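Q: The file below is protein-v9.pdb, PDB, C-alpha atoms:
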ATOM      1  CA  MET S 274       0.000   0.000   0.000
ATOM      2  CA  ASN S 275       1.187   3.510  -0.782
ATOM      3  CA  THR S 276       1.801   6.177   1.846
ATOM      4  CA  LEU S 277      -1.198   8.498   2.033
ATOM      5  CA  ARG S 278      -1.334  12.044   3.399
ATOM      6  CA  LEU S 279      -3.264  15.286   3.060
ATOM      7  CA  ASN S 280      -4.325  15.873  -0.573
ATOM      8  CA  SER S 281      -3.707  12.249  -1.628
ATOM      9  CA  ARG S 282      -6.399  10.986  -3.982
ATOM     10  CA  GLY S 283      -7.595   7.741  -5.488
ATOM     11  CA  PRO S 284      -9.000   4.291  -4.704
ATOM     12  CA  GLU S 285      -6.591   3.660  -1.816
ATOM     13  CA  VAL S 286      -7.941   6.763  -0.072
ATOM     14  CA  GLU S 287     -11.451   5.377  -0.576
ATOM     15  CA  LEU S 288     -10.391   2.107   1.082
ATOM     16  CA  LEU S 289      -8.856   4.066   3.954
ATOM     17  CA  GLN S 290     -12.025   6.120   4.414
ATOM     18  CA  SER S 291     -14.224   3.032   4.218
ATOM     19  CA  THR S 292     -12.171   1.226   6.866
ATOM     20  CA  LEU S 293     -12.078   4.222   9.200
ATOM     21  CA  LYS S 294     -15.843   4.641   8.769
ATOM     22  CA  LYS S 295     -16.368   0.973   9.647
ATOM     23  CA  LEU S 296     -14.366   1.547  12.843
ATOM     24  CA  GLY S 297     -16.302   4.710  13.735
ATOM     25  CA  PHE S 298     -13.450   7.200  13.232
ATOM     26  CA  TYR S 299     -14.746   8.802  10.027
ATOM     27  CA  ASN S 300     -18.191  10.117   9.158
ATOM     28  CA  GLY S 301     -17.528  11.951   5.893
ATOM     29  CA  ALA S 302     -18.077  10.984   2.281
ATOM     30  CA  ILE S 303     -16.085   8.151   0.740
ATOM     31  CA  ASP S 304     -14.802  10.287  -2.111
ATOM     32  CA  GLY S 305     -11.166   9.282  -2.467
ATOM     33  CA  ILE S 306      -9.943  12.742  -1.381
ATOM     34  CA  PHE S 307      -7.667  12.904   1.669
ATOM     35  CA  GLY S 308      -9.009  16.084   3.216
ATOM     36  CA  PHE S 309      -9.140  17.460   6.738
ATOM     37  CA  LEU S 310     -11.886  15.068   7.924
ATOM     38  CA  THR S 311      -9.837  12.077   6.770
ATOM     39  CA  PHE S 312      -6.691  13.579   8.311
ATOM     40  CA  THR S 313      -8.434  13.986  11.688
ATOM     41  CA  ALA S 314      -9.860  10.454  11.517
ATOM     42  CA  VAL S 315      -6.394   9.050  10.839
ATOM     43  CA  GLN S 316      -4.977  10.982  13.799
ATOM     44  CA  ASN S 317      -7.705   9.660  16.113
ATOM     45  CA  PHE S 318      -7.087   6.105  14.896
ATOM     46  CA  GLN S 319      -3.344   6.497  15.429
ATOM     47  CA  LYS S 320      -3.871   7.867  18.940
ATOM     48  CA  GLN S 321      -6.136   4.987  19.977
ATOM     49  CA  PHE S 322      -3.746   2.368  18.555
ATOM     50  CA  GLY S 323      -0.599   3.824  20.117
ATOM     51  CA  LEU S 324       0.938   5.039  16.863
ATOM     52  CA  THR S 325       2.743   8.263  16.034
ATOM     53  CA  VAL S 326      -0.037  10.826  15.637
ATOM     54  CA  ASP S 327       0.990  12.528  12.400
ATOM     55  CA  GLY S 328      -2.053  11.964  10.159
ATOM     56  CA  ILE S 329       0.121  10.162   7.616
ATOM     57  CA  VAL S 330      -0.841   6.634   6.610
ATOM     58  CA  GLY S 331       2.509   4.894   6.314
ATOM     59  CA  ALA S 332       3.525   1.272   6.851
ATOM     60  CA  LYS S 333       2.772   1.127  10.595
ATOM     61  CA  THR S 334      -0.657   2.714  10.241
ATOM     62  CA  TRP S 335      -1.525   0.407   7.331
ATOM     63  CA  ASP S 336      -0.375  -2.581   9.448
ATOM     64  CA  ALA S 337      -2.765  -1.518  12.204
ATOM     65  CA  LEU S 338      -5.599  -1.143   9.680
ATOM     66  CA  VAL S 339      -4.968  -4.451   7.877
ATOM     67  CA  PRO S 340      -6.953  -6.730  10.263
ATOM     68  CA  TYR S 341     -10.022  -4.541   9.749
ATOM     69  CA  ILE S 342      -9.501  -4.546   5.989
ATOM     70  CA  ASN S 343      -9.009  -8.324   5.855
ATOM     71  CA  GLY S 344     -11.635  -9.251   8.449
ATOM     72  CA  TYR S 345      -9.359 -11.474  10.529
ATOM     73  CA  THR S 346      -6.554 -11.325  13.053
ATOM     74  CA  ILE S 347      -3.894 -13.705  14.390
ATOM     75  CA  TYR S 348      -4.409 -14.718  18.026
ATOM     76  CA  THR S 349      -1.984 -16.464  20.372
ATOM     77  CA  ILE S 350      -3.544 -19.086  22.650
ATOM     78  CA  ASN S 351      -3.232 -18.320  26.370
ATOM     79  CA  GLU S 352      -3.729 -20.593  29.351
ATOM     80  CA  GLY S 353      -7.430 -21.146  30.006
ATOM     81  CA  ASP S 354      -8.554 -20.148  26.521
ATOM     82  CA  THR S 355     -11.430 -21.950  24.832
ATOM     83  CA  LEU S 356     -12.752 -21.423  21.340
ATOM     84  CA  TYR S 357     -16.056 -20.376  22.844
ATOM     85  CA  ASN S 358     -14.458 -17.628  24.961
ATOM     86  CA  ILE S 359     -12.289 -16.462  22.061
ATOM     87  CA  SER S 360     -15.307 -16.334  19.751
ATOM     88  CA  LYS S 361     -17.208 -14.204  22.259
ATOM     89  CA  LYS S 362     -14.258 -11.834  22.642
ATOM     90  CA  TYR S 363     -14.112 -11.217  18.884
ATOM     91  CA  GLN S 364     -17.877 -11.432  18.281
ATOM     92  CA  THR S 365     -17.490 -14.329  15.879
ATOM     93  CA  THR S 366     -18.483 -18.008  15.952
ATOM     94  CA  VAL S 367     -16.694 -21.170  16.991
ATOM     95  CA  ASP S 368     -17.402 -22.652  13.556
ATOM     96  CA  ALA S 369     -15.743 -19.657  11.871
ATOM     97  CA  ILE S 370     -12.581 -20.266  13.889
ATOM     98  CA  ILE S 371     -12.611 -24.024  13.257
ATOM     99  CA  TYR S 372     -13.057 -23.677   9.493
ATOM    100  CA  ALA S 373     -10.264 -21.085   9.314
ATOM    101  CA  ASN S 374      -7.986 -23.445  11.257
ATOM    102  CA  PRO S 375      -8.728 -26.920   9.855
ATOM    103  CA  ASN S 376      -5.823 -28.536  11.750
ATOM    104  CA  ILE S 377      -6.763 -27.207  15.158
ATOM    105  CA  ASP S 378      -7.801 -29.537  18.000
ATOM    106  CA  ALA S 379     -10.760 -27.634  19.406
ATOM    107  CA  ASN S 380     -10.716 -29.626  22.668
ATOM    108  CA  ASN S 381      -6.976 -29.431  23.250
ATOM    109  CA  LEU S 382      -5.690 -25.959  22.447
ATOM    110  CA  THR S 383      -1.933 -25.522  22.619
ATOM    111  CA  ILE S 384      -0.653 -22.573  24.652
ATOM    112  CA  ASN S 385       1.347 -20.085  22.503
ATOM    113  CA  GLU S 386      -0.130 -21.553  19.324
ATOM    114  CA  SER S 387      -1.160 -18.896  16.773
ATOM    115  CA  ILE S 388      -4.589 -19.268  15.208
ATOM    116  CA  ILE S 389      -6.691 -17.274  12.740
ATOM    117  CA  ILE S 390      -9.720 -15.444  14.123
ATOM    118  CA  PRO S 391     -12.239 -14.283  11.473
ATOM    119  CA  PHE S 392     -14.202 -11.427  13.012
ATOM    120  CA  GLY S 393     -15.462  -9.116  10.272
ATOM    121  CA  ASN S 394     -16.358  -8.609   6.656
ATOM    122  CA  ILE S 395     -13.777  -8.845   3.897
ATOM    123  CA  VAL S 396     -15.419  -7.359   0.808
ATOM    124  CA  PRO S 397     -16.279  -3.628   0.855
ATOM    125  CA  THR S 398     -19.129  -2.464  -1.345
ATOM    126  CA  ASN S 399     -18.739   1.307  -0.969
ATOM    127  CA  VAL S 400     -15.424   1.924  -2.745
ATOM    128  CA  SER S 401     -14.019   1.846  -6.276
ATOM    129  CA  TYR S 402     -13.121  -1.816  -6.683
ATOM    130  CA  THR S 403      -9.677  -2.120  -8.296
ATOM    131  CA  SER S 404      -7.567  -5.157  -9.157
ATOM    132  CA  ASP S 405      -5.379  -4.380  -6.109
ATOM    133  CA  LEU S 406      -8.422  -4.543  -3.839
ATOM    134  CA  LEU S 407      -9.496  -7.785  -5.481
ATOM    135  CA  THR S 408      -6.069  -9.249  -4.696
ATOM    136  CA  LEU S 409      -6.348  -8.117  -1.060
ATOM    137  CA  ASN S 410      -9.795  -9.700  -0.740
ATOM    138  CA  ILE S 411      -8.735 -12.951  -2.409
ATOM    139  CA  ASN S 412      -5.698 -13.239  -0.133
ATOM    140  CA  ALA S 413      -7.938 -12.777   2.908
ATOM    141  CA  MET S 414     -10.475 -15.319   1.648
ATOM    142  CA  GLN S 415      -7.703 -17.872   1.145
ATOM    143  CA  VAL S 416      -6.905 -17.543   4.853
ATOM    144  CA  VAL S 417     -10.433 -17.385   6.265
ATOM    145  CA  TYR S 418     -12.085 -19.876   3.882
ATOM    146  CA  PRO S 419      -9.469 -22.543   3.041
ATOM    147  CA  PHE S 420     -12.157 -24.779   1.504
ATOM    148  CA  LEU S 421     -12.351 -22.401  -1.472
ATOM    149  CA  GLU S 422     -10.121 -23.190  -4.444
ATOM    150  CA  PHE S 423      -8.181 -20.435  -6.198
ATOM    151  CA  GLN S 424      -6.370 -20.393  -9.516
ATOM    152  CA  THR S 425      -5.072 -18.017 -12.178
ATOM    153  CA  ILE S 426      -6.584 -18.794 -15.569
ATOM    154  CA  GLY S 427      -4.686 -16.276 -17.691
ATOM    155  CA  ASN S 428      -2.834 -12.968 -17.740
ATOM    156  CA  THR S 429      -3.737  -9.538 -19.075
ATOM    157  CA  VAL S 430      -1.784  -7.210 -21.349
ATOM    158  CA  LEU S 431      -0.305  -5.553 -18.248
ATOM    159  CA  GLY S 432       0.568  -8.911 -16.710
ATOM    160  CA  ARG S 433      -2.204  -8.995 -14.127
ATOM    161  CA  GLY S 434      -3.465 -12.466 -13.310
ATOM    162  CA  ILE S 435      -7.086 -13.294 -14.160
ATOM    163  CA  ARG S 436      -8.290 -15.046 -11.031
ATOM    164  CA  ALA S 437     -10.923 -17.762 -10.645
ATOM    165  CA  ILE S 438     -12.455 -19.090  -7.435
ATOM    166  CA  LYS S 439     -14.303 -22.375  -6.943
ATOM    167  CA  PHE S 440     -16.931 -23.030  -4.274
ATOM    168  CA  GLY S 441     -18.259 -26.564  -3.912
ATOM    169  CA  LYS S 442     -17.522 -30.052  -5.154
ATOM    170  CA  GLY S 443     -20.744 -31.085  -6.886
ATOM    171  CA  SER S 444     -21.332 -32.347 -10.404
ATOM    172  CA  LYS S 445     -23.495 -29.377 -11.435
ATOM    173  CA  GLU S 446     -21.155 -26.711 -12.767
ATOM    174  CA  ILE S 447     -21.973 -22.994 -12.889
ATOM    175  CA  LEU S 448     -19.804 -20.098 -14.070
ATOM    176  CA  TYR S 449     -20.180 -16.437 -13.099
ATOM    177  CA  VAL S 450     -17.981 -13.795 -14.745
ATOM    178  CA  GLY S 451     -17.668 -10.159 -13.633
ATOM    179  CA  SER S 452     -16.151  -7.014 -15.126
ATOM    180  CA  THR S 453     -16.047  -8.191 -18.723
ATOM    181  CA  HIS S 454     -16.738  -4.540 -19.505
ATOM    182  CA  SER S 455     -14.415  -2.380 -17.441
ATOM    183  CA  ASN S 456     -16.950   0.358 -16.669
ATOM    184  CA  GLU S 457     -19.267  -2.331 -15.284
ATOM    185  CA  TRP S 458     -16.761  -3.054 -12.499
ATOM    186  CA  ILE S 459     -19.519  -3.028  -9.884
ATOM    187  CA  THR S 460     -20.237  -6.622 -10.943
ATOM    188  CA  THR S 461     -16.956  -7.602  -9.248
ATOM    189  CA  PRO S 462     -17.802  -6.527  -5.672
ATOM    190  CA  LEU S 463     -21.302  -7.960  -6.253
ATOM    191  CA  LEU S 464     -19.843 -11.397  -7.031
ATOM    192  CA  MET S 465     -17.221 -11.178  -4.298
ATOM    193  CA  LYS S 466     -19.771 -10.166  -1.659
ATOM    194  CA  PHE S 467     -22.061 -12.982  -2.817
ATOM    195  CA  LEU S 468     -19.162 -15.431  -2.474
ATOM    196  CA  GLU S 469     -18.350 -14.088   0.985
ATOM    197  CA  ASN S 470     -21.969 -14.425   2.139
ATOM    198  CA  LEU S 471     -22.165 -17.908   0.635
ATOM    199  CA  SER S 472     -18.948 -18.956   2.389
ATOM    200  CA  LYS S 473     -20.106 -17.539   5.731
ATOM    201  CA  SER S 474     -23.365 -19.438   5.382
ATOM    202  CA  TYR S 475     -21.451 -22.631   4.619
ATOM    203  CA  VAL S 476     -19.209 -22.201   7.664
ATOM    204  CA  ASN S 477     -22.102 -21.500  10.032
ATOM    205  CA  ASN S 478     -24.458 -24.096   8.487
ATOM    206  CA  LEU S 479     -26.997 -21.488   7.390
ATOM    207  CA  GLU S 480     -29.273 -21.063   4.422
ATOM    208  CA  ILE S 481     -28.692 -18.526   1.684
ATOM    209  CA  PHE S 482     -31.780 -17.403  -0.238
ATOM    210  CA  GLY S 483     -33.653 -20.293   1.382
ATOM    211  CA  VAL S 484     -31.180 -23.008   0.383
ATOM    212  CA  SER S 485     -28.682 -24.787   2.632
ATOM    213  CA  ALA S 486     -25.181 -23.542   1.783
ATOM    214  CA  ARG S 487     -23.714 -26.918   2.717
ATOM    215  CA  LYS S 488     -26.147 -28.677   0.410
ATOM    216  CA  LEU S 489     -25.073 -26.336  -2.384
ATOM    217  CA  PHE S 490     -21.417 -27.062  -1.633
ATOM    218  CA  ASN S 491     -21.982 -30.814  -1.939
ATOM    219  CA  ASN S 492     -24.091 -30.643  -5.104
ATOM    220  CA  VAL S 493     -22.723 -27.719  -7.106
ATOM    221  CA  SER S 494     -19.342 -26.560  -8.360
ATOM    222  CA  LEU S 495     -19.588 -22.781  -8.610
ATOM    223  CA  TYR S 496     -16.787 -21.070 -10.537
ATOM    224  CA  ILE S 497     -16.414 -17.313 -10.205
ATOM    225  CA  VAL S 498     -14.149 -15.158 -12.362
ATOM    226  CA  PRO S 499     -14.684 -11.901 -10.477
ATOM    227  CA  MET S 500     -12.705  -9.568 -12.753
ATOM    228  CA  LEU S 501     -12.120 -10.645 -16.342
ATOM    229  CA  ASN S 502     -10.784  -7.233 -17.389
ATOM    230  CA  PRO S 503      -8.593  -5.889 -14.544
ATOM    231  CA  ASP S 504      -6.544  -3.557 -16.770
ATOM    232  CA  GLY S 505      -9.667  -1.809 -18.006
ATOM    233  CA  VAL S 506     -11.173  -1.700 -14.517
ATOM    234  CA  ASP S 507      -8.045  -0.036 -13.144
ATOM    235  CA  LEU S 508      -8.289   2.596 -15.885
ATOM    236  CA  VAL S 509     -11.916   3.406 -15.092
ATOM    237  CA  THR S 510     -11.542   3.377 -11.301
ATOM    238  CA  GLY S 511      -8.491   5.641 -11.351
ATOM    239  CA  LEU S 512      -5.811   3.213 -10.234
ATOM    240  CA  LEU S 513      -3.961   3.774 -13.522
ATOM    241  CA  THR S 514      -2.647   7.319 -13.425
ATOM    242  CA  GLU S 515      -1.998   9.719 -16.285
ATOM    243  CA  ASN S 516       1.763   9.139 -16.214
ATOM    244  CA  THR S 517       1.472   5.414 -17.063
ATOM    245  CA  TRP S 518       1.843   3.893 -20.517
ATOM    246  CA  ALA S 519      -1.485   2.120 -20.170
ATOM    247  CA  TYR S 520      -3.408   5.328 -19.446
ATOM    248  CA  ARG S 521      -1.737   7.189 -22.321
ATOM    249  CA  ASN S 522      -2.397   4.295 -24.706
ATOM    250  CA  ALA S 523      -6.082   4.238 -23.806
ATOM    251  CA  GLN S 524      -6.273   8.010 -24.108
ATOM    252  CA  ARG S 525      -4.716   7.844 -27.576
ATOM    253  CA  ILE S 526      -7.282   5.230 -28.666
ATOM    254  CA  SER S 527     -10.121   7.343 -27.264
ATOM    255  CA  GLU S 528      -9.102  10.389 -29.278
ATOM    256  CA  SER S 529     -10.479   8.658 -32.392
ATOM    257  CA  PHE S 530     -13.879   8.312 -30.693
ATOM    258  CA  PRO S 531     -14.624  11.756 -29.171
ATOM    259  CA  ASP S 532     -18.299  10.935 -28.582
ATOM    260  CA  ILE S 533     -17.359   8.272 -26.014
ATOM    261  CA  PRO S 534     -16.443   9.885 -22.665
ATOM    262  CA  PHE S 535     -12.988   9.050 -21.361
ATOM    263  CA  THR S 536     -12.606   7.210 -19.013
ATOM    264  CA  ASP S 537     -16.238   6.626 -17.993
ATOM    265  CA  GLY S 538     -17.222   5.182 -21.366
ATOM    266  CA  TRP S 539     -14.327   2.745 -21.550
ATOM    267  CA  LYS S 540     -15.490  -0.891 -21.802
ATOM    268  CA  ALA S 541     -12.577  -2.551 -23.584
ATOM    269  CA  ASN S 542      -9.317  -4.038 -22.390
ATOM    270  CA  ILE S 543      -6.304  -1.737 -22.302
ATOM    271  CA  GLU S 544      -5.570  -2.392 -26.003
ATOM    272  CA  GLY S 545      -9.063  -1.354 -27.086
ATOM    273  CA  VAL S 546     -10.626  -4.805 -27.616
ATOM    274  CA  ASP S 547     -14.151  -5.350 -26.274
ATOM    275  CA  LEU S 548     -13.857  -8.675 -24.442
ATOM    276  CA  ASN S 549     -17.613  -9.175 -24.473
ATOM    277  CA  LEU S 550     -17.321  -9.542 -28.254
ATOM    278  CA  GLN S 551     -14.387 -11.950 -28.137
ATOM    279  CA  PHE S 552     -16.430 -15.097 -27.618
ATOM    280  CA  PRO S 553     -16.671 -17.439 -30.632
ATOM    281  CA  ALA S 554     -20.485 -17.477 -30.750
ATOM    282  CA  GLY S 555     -21.494 -15.369 -33.738
ATOM    283  CA  TRP S 556     -18.138 -13.591 -33.830
ATOM    284  CA  ASN S 557     -18.065 -13.152 -37.608
ATOM    285  CA  GLU S 558     -21.560 -11.646 -37.601
ATOM    286  CA  ALA S 559     -20.580  -9.328 -34.731
ATOM    287  CA  LYS S 560     -17.486  -8.274 -36.657
ATOM    288  CA  GLU S 561     -19.520  -7.339 -39.712
ATOM    289  CA  ILE S 562     -22.015  -5.337 -37.667
ATOM    290  CA  LYS S 563     -19.442  -3.492 -35.551
ATOM    291  CA  TYR S 564     -17.090  -2.782 -38.447
ATOM    292  CA  ASN S 565     -20.020  -1.269 -40.370
ATOM    293  CA  GLN S 566     -20.708   0.938 -37.340
ATOM    294  CA  GLY S 567     -17.168   2.286 -37.519
ATOM    295  CA  PHE S 568     -15.594   0.154 -34.815
ATOM    296  CA  ASN S 569     -12.979  -1.376 -37.110
ATOM    297  CA  LYS S 570      -9.935  -0.550 -34.990
ATOM    298  CA  PRO S 571      -9.076  -0.434 -31.266
ATOM    299  CA  ALA S 572     -11.758   1.567 -29.497
ATOM    300  CA  PRO S 573     -13.145   2.251 -25.998
ATOM    301  CA  ARG S 574     -15.931  -0.222 -26.780
ATOM    302  CA  ASP S 575     -17.430  -2.436 -29.522
ATOM    303  CA  PHE S 576     -14.205  -3.375 -31.334
ATOM    304  CA  VAL S 577     -14.376  -7.156 -31.731
ATOM    305  CA  GLY S 578     -10.664  -7.521 -32.429
ATOM    306  CA  PHE S 579      -9.026  -8.711 -35.611
ATOM    307  CA  ARG S 580      -9.864 -12.286 -34.656
ATOM    308  CA  THR S 581     -11.628 -14.029 -31.811
ATOM    309  CA  ALA S 582      -9.401 -15.240 -29.003
ATOM    310  CA  TYR S 583     -10.857 -18.734 -29.530
ATOM    311  CA  CYS S 584      -9.959 -19.127 -33.216
ATOM    312  CA  THR S 585      -7.839 -22.195 -34.000
TER
END
As structure tokens, please, write out the structure in this file.

A:
Amino acid sequence: MNTLRLNSRGPEVELLQSTLKKLGFYNGAIDGIFGFLTFTAVQNFQKQFGLTVDGIVGAKTWDALVPYINGYTIYTINEGDTLYNISKKYQTTVDAIIYANPNIDANNLTINESIIIPFGNIVPTNVSYTSDLLTLNINAMQVVYPFLEFQTIGNTVLGRGIRAIKFGKGSKEILYVGSTHSNEWITTPLLMKFLENLSKSYVNNLEIFGVSARKLFNNVSLYIVPMLNPDGVDLVTGLLTENTWAYRNAQRISESFPDIPFTDGWKANIEGVDLNLQFPAGWNEAKEIKYNQGFNKPAPRDFVGFRTAYCT
């Protein structure tokens, strides 16, 4: 995480504001602008957590914030501890602790042993959701929900991994894909929050939308690709700044399409290919239609590419 201070801007400031709001230190707008209200909230957080009170979010302040961003902490077992007492202390459940620590002996805790304590939410839904935030959330889910399966199914132009997550082990297979269009990035936190709620329900043996989560796990294999187009998402959400090659390349492409607002109207990947038109179904027909509409070269949207990615 980058060091943040007065007048910093961007998605990381939004994450900071969201976390401080969750903890009750901040009551302003989550606008990605590090103003006086954010500065004061950071100072109050630093004071309560025994940090240098300078209003600057450096490594030590980020370290103190991380458990509340990730929704879990590491706890060292003391004499007399039980999972029940620990769960009450952190306002979580015994099942949540057991599932996060599959090798733990719940009836014979070892003094000085470190265990994972899930105690909060992982996925925020009130910030610009970048590929960096997705990586943070996935890393936390790997710790808290080790029954989920994670893999990288490809890489983007900028070398970002395209991540996939599997819930369940059943024969019925379902695929959900988010952020195929970069300016529709809100589909990513929607899928990630759904996965988090589903996983919590599985851990605590609850129903989700009237169906047992454990029954779903045993009967369905749910595959989620939460962000198919991370490069484009990072352009739209502001993570890519004006001094980067990727931003300048997208800006150059957009200059040929002045009626499409930049960056809000950007749907494509960072090379100007609309991934939603890259599937092999009806690709030739889509090419004819879009080329006739003037999208015959890299564009913010609707350029099908010179060939489908699935051509042999």

Q: Give as a ChimeraX atom specification the set of residues within 12 Å of the point (-17.5, -21.3, 10.2), where distances use the file's coordinates and only C-alpha atoms.

A: /S:360,365-375,389-392,417-420,469-479,486-487

Q: So which one's closest to Val498 of chain S, S:Pro534, S:Phe423, S:Glu561, S:Glu446? Using all atoms listed in the file, please.

A: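 Using all atoms listed in the file, Val498 of chain S sits closest to S:Phe423.
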
Q: How many Å separate atom CA of Met465 of chain S from atom CA of Val577 of chain S?

A: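 One can read the atom CA of Met465 of chain S to atom CA of Val577 of chain S distance as 27.9 Å.
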
Q: Run through the PyMOL selection byres ((chain S and resi 293) around 12) on the given coordinates and return the selected residues as a PyMOL selection string.

A: chain S and resi 286-292+294-303+310-319+330+334-335+337-339+341-342

Q: Please produce an output containing C-alpha atoms for each residue in the selection, written as a PDB file, in the frame of the given file.

A:
ATOM      1  CA  VAL S 286      -7.941   6.763  -0.072  1.00  0.00           C
ATOM      2  CA  GLU S 287     -11.451   5.377  -0.576  1.00  0.00           C
ATOM      3  CA  LEU S 288     -10.391   2.107   1.082  1.00  0.00           C
ATOM      4  CA  LEU S 289      -8.856   4.066   3.954  1.00  0.00           C
ATOM      5  CA  GLN S 290     -12.025   6.120   4.414  1.00  0.00           C
ATOM      6  CA  SER S 291     -14.224   3.032   4.218  1.00  0.00           C
ATOM      7  CA  THR S 292     -12.171   1.226   6.866  1.00  0.00           C
ATOM      8  CA  LYS S 294     -15.843   4.641   8.769  1.00  0.00           C
ATOM      9  CA  LYS S 295     -16.368   0.973   9.647  1.00  0.00           C
ATOM     10  CA  LEU S 296     -14.366   1.547  12.843  1.00  0.00           C
ATOM     11  CA  GLY S 297     -16.302   4.710  13.735  1.00  0.00           C
ATOM     12  CA  PHE S 298     -13.450   7.200  13.232  1.00  0.00           C
ATOM     13  CA  TYR S 299     -14.746   8.802  10.027  1.00  0.00           C
ATOM     14  CA  ASN S 300     -18.191  10.117   9.158  1.00  0.00           C
ATOM     15  CA  GLY S 301     -17.528  11.951   5.893  1.00  0.00           C
ATOM     16  CA  ALA S 302     -18.077  10.984   2.281  1.00  0.00           C
ATOM     17  CA  ILE S 303     -16.085   8.151   0.740  1.00  0.00           C
ATOM     18  CA  LEU S 310     -11.886  15.068   7.924  1.00  0.00           C
ATOM     19  CA  THR S 311      -9.837  12.077   6.770  1.00  0.00           C
ATOM     20  CA  PHE S 312      -6.691  13.579   8.311  1.00  0.00           C
ATOM     21  CA  THR S 313      -8.434  13.986  11.688  1.00  0.00           C
ATOM     22  CA  ALA S 314      -9.860  10.454  11.517  1.00  0.00           C
ATOM     23  CA  VAL S 315      -6.394   9.050  10.839  1.00  0.00           C
ATOM     24  CA  GLN S 316      -4.977  10.982  13.799  1.00  0.00           C
ATOM     25  CA  ASN S 317      -7.705   9.660  16.113  1.00  0.00           C
ATOM     26  CA  PHE S 318      -7.087   6.105  14.896  1.00  0.00           C
ATOM     27  CA  GLN S 319      -3.344   6.497  15.429  1.00  0.00           C
ATOM     28  CA  VAL S 330      -0.841   6.634   6.610  1.00  0.00           C
ATOM     29  CA  THR S 334      -0.657   2.714  10.241  1.00  0.00           C
ATOM     30  CA  TRP S 335      -1.525   0.407   7.331  1.00  0.00           C
ATOM     31  CA  ALA S 337      -2.765  -1.518  12.204  1.00  0.00           C
ATOM     32  CA  LEU S 338      -5.599  -1.143   9.680  1.00  0.00           C
ATOM     33  CA  VAL S 339      -4.968  -4.451   7.877  1.00  0.00           C
ATOM     34  CA  TYR S 341     -10.022  -4.541   9.749  1.00  0.00           C
ATOM     35  CA  ILE S 342      -9.501  -4.546   5.989  1.00  0.00           C
TER      36      ILE S 342
END

Q: Using all atoms listed in the file, which protein or nucleic acid residues come within 8 Å of Ala437 of chain S? Drop anything in the same chain fewer than 2 positions from it, and give the result as a ChimeraX atom specification.

A: /S:423-426,435,439,496-499

Q: Tell me which protein, DNA and RNA residues are within 10 Å of Gly432 of chain S, counting only C-alpha atoms, leaving out same-chain ones fewer than 3 positions away, and put them as a PyMOL selection string.

A: chain S and resi 427-429+435+503-504

Q: What residues come out when you apply the PyMOL selection byres ((chain S and resi 405) around 10) to this file, written as number ranges by chain?

A: S: 274, 284-285, 402-404, 406-411, 433, 503, 507, 512

Q: So how far away is atom CA of Ala379 of chain S from atom CA of Thr355 of chain S, in Å?

A: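 Here the two named atoms are 7.9 Å from each other.
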
Q: Could you tell me how far atom CA of Ser401 of chain S lies from atom CA of Ile481 of chain S, in Å and to one decimal?

A: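 Those two atoms sit 26.3 Å apart.
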
Q: Would you kindly identify which residues have an atom no farther than 7 Å from (-15.5, -13.1, -32.5), using all atoms listed in the file and the file's own coordinates, and write them out as an NGL selection string?

A: :S and (550-557 or 559-560 or 577 or 580-581)

Q: Apply the PyMOL selection byres ((chain S and resi 348) around 10) to the displayed file and report the matching residues as a ChimeraX atom specification.

A: /S:345-347,349-351,359,385-390
